[in-house]
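start.tsv follows; it contains TSV, C-alpha atoms.
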chain	number	residue	atom	x	y	z
L	251	MET	CA	-13.94	245.23	-18.39
L	252	PRO	CA	-12.49	248.24	-20.33
L	253	GLU	CA	-14.04	248.94	-23.71
L	254	ASP	CA	-10.64	248.71	-25.42
L	255	THR	CA	-10.19	245.17	-24.12
L	256	ILE	CA	-13.67	244.11	-25.25
L	257	ALA	CA	-13.07	245.56	-28.72
L	258	SER	CA	-9.68	243.85	-28.96
L	259	ARG	CA	-11.18	240.50	-28.01
L	260	LEU	CA	-13.87	240.86	-30.63
L	261	ARG	CA	-11.32	241.79	-33.30
L	262	LEU	CA	-9.17	238.82	-32.32
L	263	SER	CA	-12.18	236.51	-32.48
L	264	GLY	CA	-13.11	237.83	-35.91
L	265	LEU	CA	-9.58	237.51	-37.27
L	266	CYS	CA	-9.25	233.93	-35.96
L	267	PHE	CA	-12.59	233.08	-37.57
L	268	LEU	CA	-11.62	234.52	-40.95
L	269	LEU	CA	-8.20	232.85	-40.99
L	270	GLN	CA	-9.62	229.48	-39.99
L	271	ILE	CA	-12.38	229.68	-42.60
L	272	LEU	CA	-9.73	230.53	-45.21
L	273	THR	CA	-7.57	227.54	-44.24
L	274	ILE	CA	-10.60	225.22	-44.21
L	275	ILE	CA	-11.54	226.28	-47.74
L	276	LEU	CA	-7.96	225.87	-48.99
L	277	PHE	CA	-7.57	222.49	-47.28
L	278	ALA	CA	-10.86	221.25	-48.71
L	279	THR	CA	-9.88	222.40	-52.19
L	280	PHE	CA	-6.23	221.37	-52.41
L	281	VAL	CA	-5.10	219.12	-49.55
L	282	ARG	CA	-5.22	215.33	-49.70
L	283	TYR	CA	-3.62	212.72	-47.45
L	284	SER	CA	-0.59	211.09	-49.02
L	285	PRO	CA	0.13	207.37	-48.52
L	286	GLU	CA	3.62	207.12	-47.08
L	287	SER	CA	4.46	204.33	-49.52
L	288	SER	CA	3.47	206.36	-52.58
L	289	SER	CA	5.80	205.97	-55.55
L	290	GLY	CA	5.01	209.41	-56.90
L	291	PRO	CA	7.65	212.12	-57.36
L	292	CYS	CA	8.81	214.19	-54.41
L	293	SER	CA	10.98	217.27	-54.02
L	294	GLN	CA	14.48	216.27	-52.91
L	295	GLN	CA	15.27	219.82	-51.78
L	296	LEU	CA	12.94	219.51	-48.81
L	297	ASN	CA	14.45	216.18	-47.78
L	298	CYS	CA	11.34	214.21	-48.70
L	299	SER	CA	12.51	210.82	-47.52
L	300	TRP	CA	9.02	209.92	-46.31
L	301	LYS	CA	8.31	207.66	-49.29
L	302	ASN	CA	10.81	205.00	-48.24
L	303	GLN	CA	10.56	205.41	-44.46
L	304	ASP	CA	8.42	203.86	-41.80
L	305	SER	CA	5.47	206.16	-41.17
L	306	GLY	CA	5.62	205.52	-37.44
L	307	PHE	CA	9.23	206.72	-37.40
L	308	GLN	CA	8.28	209.91	-39.20
L	309	HIS	CA	5.38	210.54	-36.85
L	310	ARG	CA	7.75	210.24	-33.88
L	311	ARG	CA	9.81	212.99	-35.49
L	312	PHE	CA	6.73	215.17	-35.73
L	313	ARG	CA	5.73	214.37	-32.15
L	314	ASP	CA	9.14	215.29	-30.76
L	315	GLY	CA	9.29	218.48	-32.81
L	316	HIS	CA	5.81	219.42	-31.69
L	317	LEU	CA	6.67	218.82	-28.04
L	318	GLN	CA	9.68	221.06	-28.39
L	319	ALA	CA	7.65	223.84	-30.01
L	320	LEU	CA	4.83	223.79	-27.46
L	321	LEU	CA	6.64	222.87	-24.24
L	322	GLY	CA	10.08	224.22	-25.02
L	323	PHE	CA	9.37	227.53	-26.72
L	324	GLY	CA	5.98	227.88	-25.02
L	325	LEU	CA	7.32	227.72	-21.47
L	326	LEU	CA	10.48	229.62	-22.34
L	327	VAL	CA	8.50	232.79	-23.09
L	328	ALA	CA	6.73	232.70	-19.71
L	329	PHE	CA	9.52	234.50	-17.87
L	330	LEU	CA	7.75	237.89	-17.77
L	331	ALA	CA	5.65	237.96	-14.60
L	332	ARG	CA	2.71	239.92	-16.02
L	333	TYR	CA	2.79	238.23	-19.43
L	334	GLY	CA	3.45	234.60	-18.50
L	335	PRO	CA	-0.05	233.11	-19.00
L	336	GLY	CA	-0.75	235.33	-21.99
L	337	SER	CA	2.57	234.46	-23.63
L	338	VAL	CA	1.93	230.73	-23.36
L	339	ALA	CA	-1.57	231.17	-24.77
L	340	ILE	CA	-0.21	233.21	-27.68
L	341	SER	CA	2.40	230.51	-28.34
L	342	ILE	CA	-0.37	227.91	-28.63
L	343	LEU	CA	-2.32	230.20	-30.94
L	344	ILE	CA	0.75	230.77	-33.14
L	345	VAL	CA	1.53	227.05	-33.37
L	346	ALA	CA	-2.08	226.17	-34.22
L	347	PHE	CA	-2.25	228.62	-37.11
L	348	ALA	CA	1.37	228.52	-38.31
L	349	ILE	CA	1.36	224.77	-38.93
L	350	GLN	CA	-1.81	224.96	-41.01
L	351	TRP	CA	-0.53	227.90	-43.03
L	352	ALA	CA	2.92	226.37	-43.47
L	353	VAL	CA	1.43	223.10	-44.74
L	354	LEU	CA	-0.39	225.09	-47.41
L	355	ILE	CA	2.44	227.40	-48.48
L	356	GLN	CA	5.12	224.69	-48.42
L	357	GLY	CA	2.70	222.30	-50.07
L	358	PHE	CA	2.24	224.52	-53.11
L	359	LEU	CA	6.02	224.59	-53.60
L	360	TYR	CA	7.12	221.09	-52.61
L	361	PHE	CA	4.21	218.65	-52.38
L	362	PHE	CA	1.97	219.87	-55.20
L	363	GLN	CA	1.05	217.15	-57.69
L	364	ASN	CA	-1.82	217.02	-60.18
L	365	GLY	CA	-3.40	220.11	-58.68
L	366	LYS	CA	-3.38	218.77	-55.11
L	367	ILE	CA	-1.18	219.07	-52.02
L	368	TYR	CA	-0.35	215.64	-50.62
L	369	VAL	CA	0.22	215.87	-46.88
L	370	GLY	CA	2.26	213.28	-45.01
L	371	ALA	CA	4.36	213.05	-41.88
L	372	GLN	CA	7.35	214.76	-43.51
L	373	SER	CA	5.29	217.77	-44.55
L	374	MET	CA	4.20	218.13	-40.92
L	375	VAL	CA	7.83	217.98	-39.77
L	376	SER	CA	8.70	220.73	-42.26
L	377	ALA	CA	5.77	222.81	-40.99
L	378	ASP	CA	7.06	222.34	-37.44
L	379	PHE	CA	10.41	223.82	-38.48
L	380	CYS	CA	8.64	226.79	-39.98
L	381	THR	CA	6.63	227.23	-36.78
L	382	ALA	CA	9.84	227.18	-34.72
L	383	ALA	CA	11.22	230.08	-36.77
L	384	ILE	CA	8.07	232.11	-36.14
L	385	LEU	CA	8.20	231.39	-32.39
L	386	ILE	CA	11.79	232.64	-32.41
L	387	SER	CA	10.66	235.83	-34.14
L	388	THR	CA	7.89	236.48	-31.62
L	389	GLY	CA	10.44	236.31	-28.82
L	390	ALA	CA	11.84	239.66	-29.96
L	391	VAL	CA	8.48	241.45	-29.60
L	392	LEU	CA	7.08	239.56	-26.61
L	393	GLY	CA	4.95	241.75	-24.34
L	394	ARG	CA	4.92	244.66	-26.80
L	395	VAL	CA	2.34	243.52	-29.37
L	396	ASN	CA	-1.21	242.30	-29.02
L	397	PRO	CA	-2.49	238.88	-30.19
L	398	ILE	CA	-3.95	240.34	-33.38
L	399	GLN	CA	-0.52	241.64	-34.37
L	400	MET	CA	0.99	238.27	-33.45
L	401	LEU	CA	-1.40	236.48	-35.81
L	402	LEU	CA	-0.58	238.85	-38.66
L	403	LEU	CA	3.13	238.46	-37.91
L	404	THR	CA	2.62	234.69	-38.18
L	405	LEU	CA	0.72	235.01	-41.46
L	406	LEU	CA	3.42	237.11	-43.10
L	407	GLY	CA	6.33	235.40	-41.35
L	408	VAL	CA	5.39	231.92	-42.53
L	409	THR	CA	5.06	233.14	-46.12
L	410	LEU	CA	8.44	234.88	-46.02
L	411	PHE	CA	10.07	231.90	-44.31
L	412	VAL	CA	8.94	229.53	-47.07
L	413	PHE	CA	10.09	231.99	-49.73
L	414	ASN	CA	13.56	232.16	-48.16
L	415	GLU	CA	13.63	228.39	-47.69
L	416	TYR	CA	12.73	227.80	-51.33
L	417	ILE	CA	15.51	230.10	-52.57
L	418	LEU	CA	18.13	228.48	-50.35
L	419	LEU	CA	17.20	224.80	-50.64
L	420	SER	CA	15.70	224.57	-54.11
L	421	LEU	CA	17.35	227.31	-56.18
L	422	MET	CA	20.77	227.48	-54.51
L	423	GLY	CA	20.90	223.82	-53.44
L	424	ILE	CA	22.51	224.41	-50.05
L	425	SER	CA	22.56	221.93	-47.16
L	426	ASP	CA	20.89	223.26	-44.02
L	427	SER	CA	19.75	220.17	-42.10
L	428	GLY	CA	19.87	221.79	-38.67
L	429	GLY	CA	18.11	224.97	-39.80
L	430	SER	CA	20.96	227.34	-38.93
L	431	LEU	CA	19.98	229.66	-41.77
L	432	THR	CA	16.34	228.95	-42.53
L	433	VAL	CA	15.15	228.67	-38.91
L	434	HIS	CA	17.51	230.41	-36.51
L	435	THR	CA	19.09	233.19	-38.56
L	436	PHE	CA	15.95	234.10	-40.45
L	437	GLY	CA	13.69	233.81	-37.39
L	438	ALA	CA	15.95	235.92	-35.19
L	439	TYR	CA	16.62	238.83	-37.53
L	440	PHE	CA	13.13	238.87	-38.96
L	441	GLY	CA	11.80	239.32	-35.42
L	442	LEU	CA	14.46	241.89	-34.50
L	443	MET	CA	13.66	243.99	-37.54
L	444	VAL	CA	9.96	243.90	-36.69
L	445	SER	CA	10.91	245.01	-33.17
L	446	ARG	CA	12.97	247.88	-34.58
L	447	ILE	CA	10.13	249.13	-36.77
L	448	LEU	CA	7.69	248.92	-33.83
L	449	HIS	CA	10.03	250.83	-31.51
L	450	GLN	CA	8.24	253.55	-29.58
L	451	PRO	CA	10.35	255.82	-27.32
L	452	HIS	CA	7.58	256.34	-24.77
L	453	MET	CA	7.34	252.59	-24.27
L	454	GLU	CA	10.74	252.61	-22.59
L	455	LYS	CA	9.05	254.06	-19.53
L	456	ARG	CA	6.89	250.95	-19.14
L	457	LYS	CA	9.72	248.81	-17.84
L	458	GLU	CA	7.56	247.69	-14.95
L	459	GLN	CA	5.84	245.36	-17.40
L	460	GLN	CA	9.09	243.53	-18.02
L	461	ASP	CA	9.74	242.34	-14.49
L	462	THR	CA	10.16	238.68	-13.73
L	463	GLY	CA	9.13	236.57	-10.82
L	464	HIS	CA	10.03	233.26	-9.23
L	465	GLN	CA	7.26	231.21	-10.82
L	466	PRO	CA	7.84	232.53	-14.38
L	467	ASP	CA	11.56	231.76	-13.97
L	468	VAL	CA	10.65	228.18	-13.08
L	469	PHE	CA	8.57	227.92	-16.26
L	470	ALA	CA	11.52	229.21	-18.29
L	471	VAL	CA	13.85	226.65	-16.73
L	472	VAL	CA	11.42	223.83	-17.50
L	473	GLY	CA	11.16	225.07	-21.09
L	474	THR	CA	14.95	225.10	-21.36
L	475	ILE	CA	15.08	221.48	-20.13
L	476	TYR	CA	12.54	220.44	-22.77
L	477	LEU	CA	14.59	222.17	-25.46
L	478	TRP	CA	17.74	220.43	-24.22
L	479	ILE	CA	16.08	217.00	-24.30
L	480	PHE	CA	14.45	217.27	-27.72
L	481	TRP	CA	17.05	219.36	-29.54
L	482	PRO	CA	19.01	216.39	-31.01
L	483	THR	CA	15.79	214.95	-32.47
L	484	PHE	CA	14.74	218.37	-33.76
L	485	THR	CA	17.99	219.16	-35.57
L	486	SER	CA	18.21	215.68	-37.11
L	487	ALA	CA	14.59	215.56	-38.26
L	488	THR	CA	15.45	216.85	-41.74
L	489	THR	CA	18.28	214.46	-42.45
L	490	VAL	CA	17.87	212.88	-45.84
L	491	ARG	CA	17.57	209.26	-44.80
L	492	ASP	CA	17.33	207.15	-41.69
L	493	ASN	CA	20.96	206.04	-41.71
L	494	ALA	CA	22.09	209.68	-41.52
L	495	GLU	CA	19.97	210.57	-38.50
L	496	PRO	CA	22.02	208.81	-35.76
L	497	TRP	CA	25.06	210.68	-37.02
L	498	ALA	CA	23.28	214.01	-36.72
L	499	MET	CA	21.79	213.18	-33.31
L	500	LEU	CA	25.15	212.18	-31.83
L	501	ASN	CA	26.85	215.30	-33.16
L	502	THR	CA	24.09	217.49	-31.76
L	503	TYR	CA	24.15	215.87	-28.33
L	504	PHE	CA	27.92	216.17	-27.92
L	505	LEU	CA	27.72	219.80	-29.05
L	506	LEU	CA	25.02	220.45	-26.46
L	507	ALA	CA	27.07	218.86	-23.70
L	508	ALA	CA	30.20	220.83	-24.60
L	509	SER	CA	28.24	224.09	-24.98
L	510	THR	CA	26.59	223.62	-21.57
L	511	LEU	CA	29.95	223.23	-19.87
L	512	ALA	CA	31.34	226.22	-21.78
L	513	THR	CA	28.39	228.32	-20.57
L	514	PHE	CA	29.12	227.53	-16.95
L	515	VAL	CA	32.80	228.30	-17.49
L	516	LEU	CA	32.40	231.63	-19.30
L	517	SER	CA	29.21	233.11	-17.86
L	518	PRO	CA	30.61	234.05	-14.40
L	519	LEU	CA	33.76	235.44	-16.03
L	520	LEU	CA	32.15	237.60	-18.70
L	521	HIS	CA	29.00	238.90	-17.01
L	522	GLU	CA	28.36	240.43	-13.64
L	523	GLU	CA	26.08	238.34	-11.49
L	524	SER	CA	26.14	235.73	-14.31
L	525	THR	CA	23.52	237.60	-16.33
L	526	LEU	CA	23.47	238.55	-19.99
L	527	GLN	CA	23.09	242.23	-20.78
L	528	MET	CA	21.98	243.60	-24.17
L	529	PRO	CA	22.54	247.39	-23.88
L	530	VAL	CA	23.63	247.96	-27.47
L	531	LEU	CA	20.44	246.69	-29.10
L	532	ARG	CA	18.21	248.85	-26.91
L	533	SER	CA	20.18	252.06	-26.46
L	534	ARG	CA	21.98	252.40	-29.79
L	535	LEU	CA	19.96	250.39	-32.29
L	536	LYS	CA	16.57	251.21	-30.71
L	537	THR	CA	15.64	247.54	-30.80
L	538	GLN	CA	14.17	245.61	-27.90
L	539	ASP	CA	14.99	241.91	-27.73
L	540	MET	CA	12.81	240.55	-24.96
L	541	CYS	CA	13.88	236.88	-25.22
L	542	GLY	CA	17.45	237.44	-26.37
L	543	VAL	CA	16.89	235.94	-29.80
L	544	HIS	CA	19.96	237.79	-31.12
L	545	ASN	CA	22.45	235.94	-28.91
L	546	VAL	CA	20.47	232.70	-28.55
L	547	HIS	CA	19.48	232.16	-32.19
L	548	GLY	CA	20.89	234.89	-34.43
L	549	LEU	CA	24.59	234.73	-33.62
L	550	PRO	CA	24.67	230.91	-33.36
L	551	GLY	CA	22.87	230.76	-36.71
L	552	ILE	CA	25.50	232.96	-38.35
L	553	LEU	CA	28.30	230.96	-36.72
L	554	GLY	CA	26.69	227.72	-37.92
L	555	ALA	CA	26.47	229.07	-41.47
L	556	LEU	CA	30.15	230.10	-41.49
L	557	LEU	CA	31.31	226.80	-40.02
L	558	GLY	CA	29.08	224.98	-42.49
L	559	THR	CA	30.81	226.83	-45.32
L	560	LEU	CA	34.23	225.77	-44.00
L	561	LEU	CA	33.20	222.14	-43.58
L	562	THR	CA	31.68	222.13	-47.05
L	563	ALA	CA	34.94	223.35	-48.57
L	564	LEU	CA	36.76	220.52	-46.80
L	565	ALA	CA	34.20	217.85	-47.72
L	566	THR	CA	35.72	214.81	-49.40
L	567	ALA	CA	34.60	211.27	-50.01
L	568	ASP	CA	37.35	210.04	-47.69
L	569	ALA	CA	36.17	212.24	-44.82
L	570	TYR	CA	32.45	211.52	-45.21
L	571	GLY	CA	32.62	207.99	-46.55
L	572	GLY	CA	29.28	206.83	-47.88
L	573	ARG	CA	27.52	209.76	-46.21
L	574	LEU	CA	28.76	212.36	-48.68
L	575	GLU	CA	25.82	211.78	-51.00
L	576	LEU	CA	23.44	212.22	-48.05
L	577	VAL	CA	24.83	215.60	-47.02
L	578	PHE	CA	26.13	217.05	-50.30
L	579	PRO	CA	24.45	215.09	-53.11
L	580	LEU	CA	25.56	217.48	-55.86
L	581	VAL	CA	29.20	217.15	-54.83
L	582	ALA	CA	28.93	213.37	-54.58
L	583	GLU	CA	27.48	213.02	-58.08
L	584	GLY	CA	30.06	215.37	-59.55
L	585	SER	CA	27.65	218.13	-60.58
L	586	GLN	CA	29.77	220.69	-58.73
L	587	THR	CA	32.96	220.81	-56.70
L	588	ALA	CA	33.23	221.23	-52.94
L	589	ALA	CA	34.47	224.80	-53.52
L	590	ASP	CA	31.37	225.62	-55.57
L	591	GLN	CA	29.10	224.17	-52.89
L	592	ALA	CA	30.95	226.15	-50.22
L	593	PHE	CA	30.47	229.35	-52.24
L	594	TYR	CA	26.70	228.78	-52.39
L	595	GLN	CA	26.65	227.99	-48.67
L	596	LEU	CA	28.40	231.29	-47.95
L	597	CYS	CA	26.10	233.29	-50.27
L	598	ALA	CA	23.07	231.86	-48.49
L	599	LEU	CA	23.91	233.87	-45.36
L	600	PRO	CA	23.59	237.39	-46.85
L	601	VAL	CA	20.55	236.25	-48.83
L	602	THR	CA	18.85	235.14	-45.62
L	603	LEU	CA	19.81	238.31	-43.76
L	604	LEU	CA	18.54	240.45	-46.65
L	605	LEU	CA	15.19	238.65	-46.85
L	606	ALA	CA	14.80	238.68	-43.06
L	607	THR	CA	15.54	242.41	-42.92
L	608	LEU	CA	13.26	243.40	-45.79
L	609	GLY	CA	10.52	241.04	-44.63
L	610	GLY	CA	10.80	242.37	-41.08
L	611	CYS	CA	10.50	245.94	-42.30
L	612	LEU	CA	7.40	245.08	-44.33
L	613	THR	CA	5.79	243.16	-41.48
L	614	GLY	CA	6.64	245.84	-38.94
L	615	ALA	CA	5.09	248.50	-41.16
L	616	VAL	CA	1.89	246.44	-41.42
L	617	LEU	CA	1.74	245.85	-37.66
L	618	LYS	CA	2.33	249.54	-37.00
L	619	MET	CA	-0.84	250.57	-38.78
L	620	LYS	CA	-3.07	252.69	-36.58
L	621	GLY	CA	-5.95	250.25	-36.38
L	622	LEU	CA	-3.73	247.41	-35.15
L	623	ARG	CA	-1.72	249.15	-32.45
L	624	SER	CA	-2.72	249.09	-28.80
L	625	PRO	CA	-3.63	252.48	-27.30
L	626	PRO	CA	-0.50	253.83	-25.56
L	627	ASP	CA	-2.41	254.70	-22.40
L	628	THR	CA	-3.90	251.22	-21.99
L	629	ARG	CA	-1.88	249.22	-19.51
L	630	TYR	CA	-1.34	245.51	-20.02
L	631	LEU	CA	-3.71	245.44	-23.01
L	632	GLU	CA	-1.54	242.87	-24.76
L	633	ASN	CA	-2.15	240.45	-21.89
L	634	THR	CA	-5.72	241.34	-20.95
L	635	VAL	CA	-6.95	240.36	-24.40
L	636	LEU	CA	-6.23	236.77	-23.39
L	637	ARG	CA	-6.42	236.93	-19.61
L	638	GLU	CA	-8.08	239.35	-17.21
L	639	VAL	CA	-5.63	241.06	-14.91
L	640	ALA	CA	-6.08	243.53	-12.10
L	641	GLU	CA	-4.91	247.11	-12.45
L	642	ASP	CA	-1.71	246.31	-10.55
L	643	GLY	CA	-0.84	243.78	-13.23
L	644	ARG	CA	-1.56	240.67	-11.16
L	645	ASP	CA	-3.91	237.90	-12.18
L	646	ARG	CA	-7.36	238.52	-10.69
L	647	ARG	CA	-7.57	234.94	-9.57
L	648	ALA	CA	-4.39	235.43	-7.59
L	649	SER	CA	-5.61	238.70	-6.11
L	650	GLY	CA	-8.94	237.18	-5.09
L	651	LYS	CA	-10.97	239.93	-6.72
L	652	GLU	CA	-12.42	238.03	-9.63
L	653	GLN	CA	-11.88	234.70	-11.25
L	654	SER	CA	-9.76	235.07	-14.36
L	655	THR	CA	-10.53	233.82	-17.81
L	656	SER	CA	-7.86	232.27	-19.97
L	657	THR	CA	-9.90	232.01	-23.13
L	658	LEU	CA	-8.52	233.23	-26.44
L	659	VAL	CA	-11.55	235.42	-27.17

Any chance you could give the structure as structure tokens?
Amino acid sequence: MPEDTIASRLRLSGLCFLLQILTIILFATFVRYSPESSSGPCSQQLNCSWKNQDSGFQHRRFRDGHLQALLGFGLLVAFLARYGPGSVAISILIVAFAIQWAVLIQGFLYFFQNGKIYVGAQSMVSADFCTAAILISTGAVLGRVNPIQMLLLTLLGVTLFVFNEYILLSLMGISDSGGSLTVHTFGAYFGLMVSRILHQPHMEKRKEQQDTGHQPDVFAVVGTIYLWIFWPTFTSATTVRDNAEPWAMLNTYFLLAASTLATFVLSPLLHEESTLQMPVLRSRLKTQDMCGVHNVHGLPGILGALLGTLLTALATADAYGGRLELVFPLVAEGSQTAADQAFYQLCALPVTLLLATLGGCLTGAVLKMKGLRSPPDTRYLENTVLREVAEDGRDRRASGKEQSTSTLV
């Protein structure tokens, strides 16, 4: 095994150890389990409806969100032939750390009472949303960073995500139940900015690492199916109360169905061989977008924010009925007009883009430090840290030369 790979595995092991020890100390000091029937105060900005809801119902939300994160996003990033197993392993590593870190950071802002963080099912659902944003960000740099950089990206990304979320939901009071701004827009452009900062011209010659194969494509299709199945539950998981969730789930499902048909209608007409090409990002903006997070998450997030602004301006008690107070509580109680709420909704978009851009620049600068970068002459180092591969890029188990190891250290 090359010395660079051994050193990288040791550094990864040490970083995982330090981060886990840190989270254990913080959990032991601050975190306590919260009874779901507690009558204590809770932050309304984070949709803390867990006090009056059945705990089993909330845990089903967490389960479905977790399945989407691990099976949906995890399999979706396995489309690169030489990075498939490593990408899935990194996804599991990111989810395992991001949820712990998000519970702590969000807990200090939303669930902090009497010097303690009270963790319940809803706080886990919120952490799942944060994790989804980080998985979206990693899609922009997939195959170009090593696991150590991925962990640091997660550490900084979760912190910046919660900071942006707090500004939008608590200070500005916007409604973002589906996560168009906090999850998709922030996650996409945070990752793209990190990719831009990490751009290295000589890496363009290593396009052989970006090839795909039949089996990885199958994994990506399975991941897409999982996302399709669990997406209505995921987008409705942050609705304020139970009686608003069926409304959100039905809207999401019908949107999915219509969007799927629209894809089959437009894809053959707009793209040769029914494929999506992203030449502008790579050639002009010097930004690689390995998983297409710009067109899959970024643009839909911006569109969702703009449409949300329009719908907010048109929101009336007659149109929403008794649901107005669930979606726009400040408008329903008369604290502000629909036009005021729409203005805040619109302002949330540039705020998110600004924080994602600045945060991405900062994170990219940290990841670009000399001690964290992979040596440019080391092939497949990003994948060999997690899985031994032969010099031709194939798994050693598949080549019959040596049994591979899929451990994280």

Shell around Ile479 (chain L) at 12 Å using only C-alpha atoms, local window under 4 positions removed, as a PyMOL selection string:
chain L and resi 314-315+317-318+321-322+472-475+483-485+499+502-503+506-507

Considering only C-alpha atoms, return as a PyMOL selection string whatever protein or nucleic-acid residues lie within 7 Å of Thr559 (chain L), sequence-local ones (same chain, fewer than 5 positions apart) excluded.
chain L and resi 592+595-596

One residue among L:Ile274, L:Ala382, L:Leu622, L:Leu320 is nearest to Leu354 (chain L) when using only C-alpha atoms, and that residue is L:Ile274

Show which residues sit within 9 Å of Ala555 (chain L), as a count of residues only. Count all atoms listed in the file, and ignore same-chain residues fewer than 6 positions away.
8

Any idea what the distance is between CA of Gly365 (chain L) and CA of Ile349 (chain L)?
20.8 Å
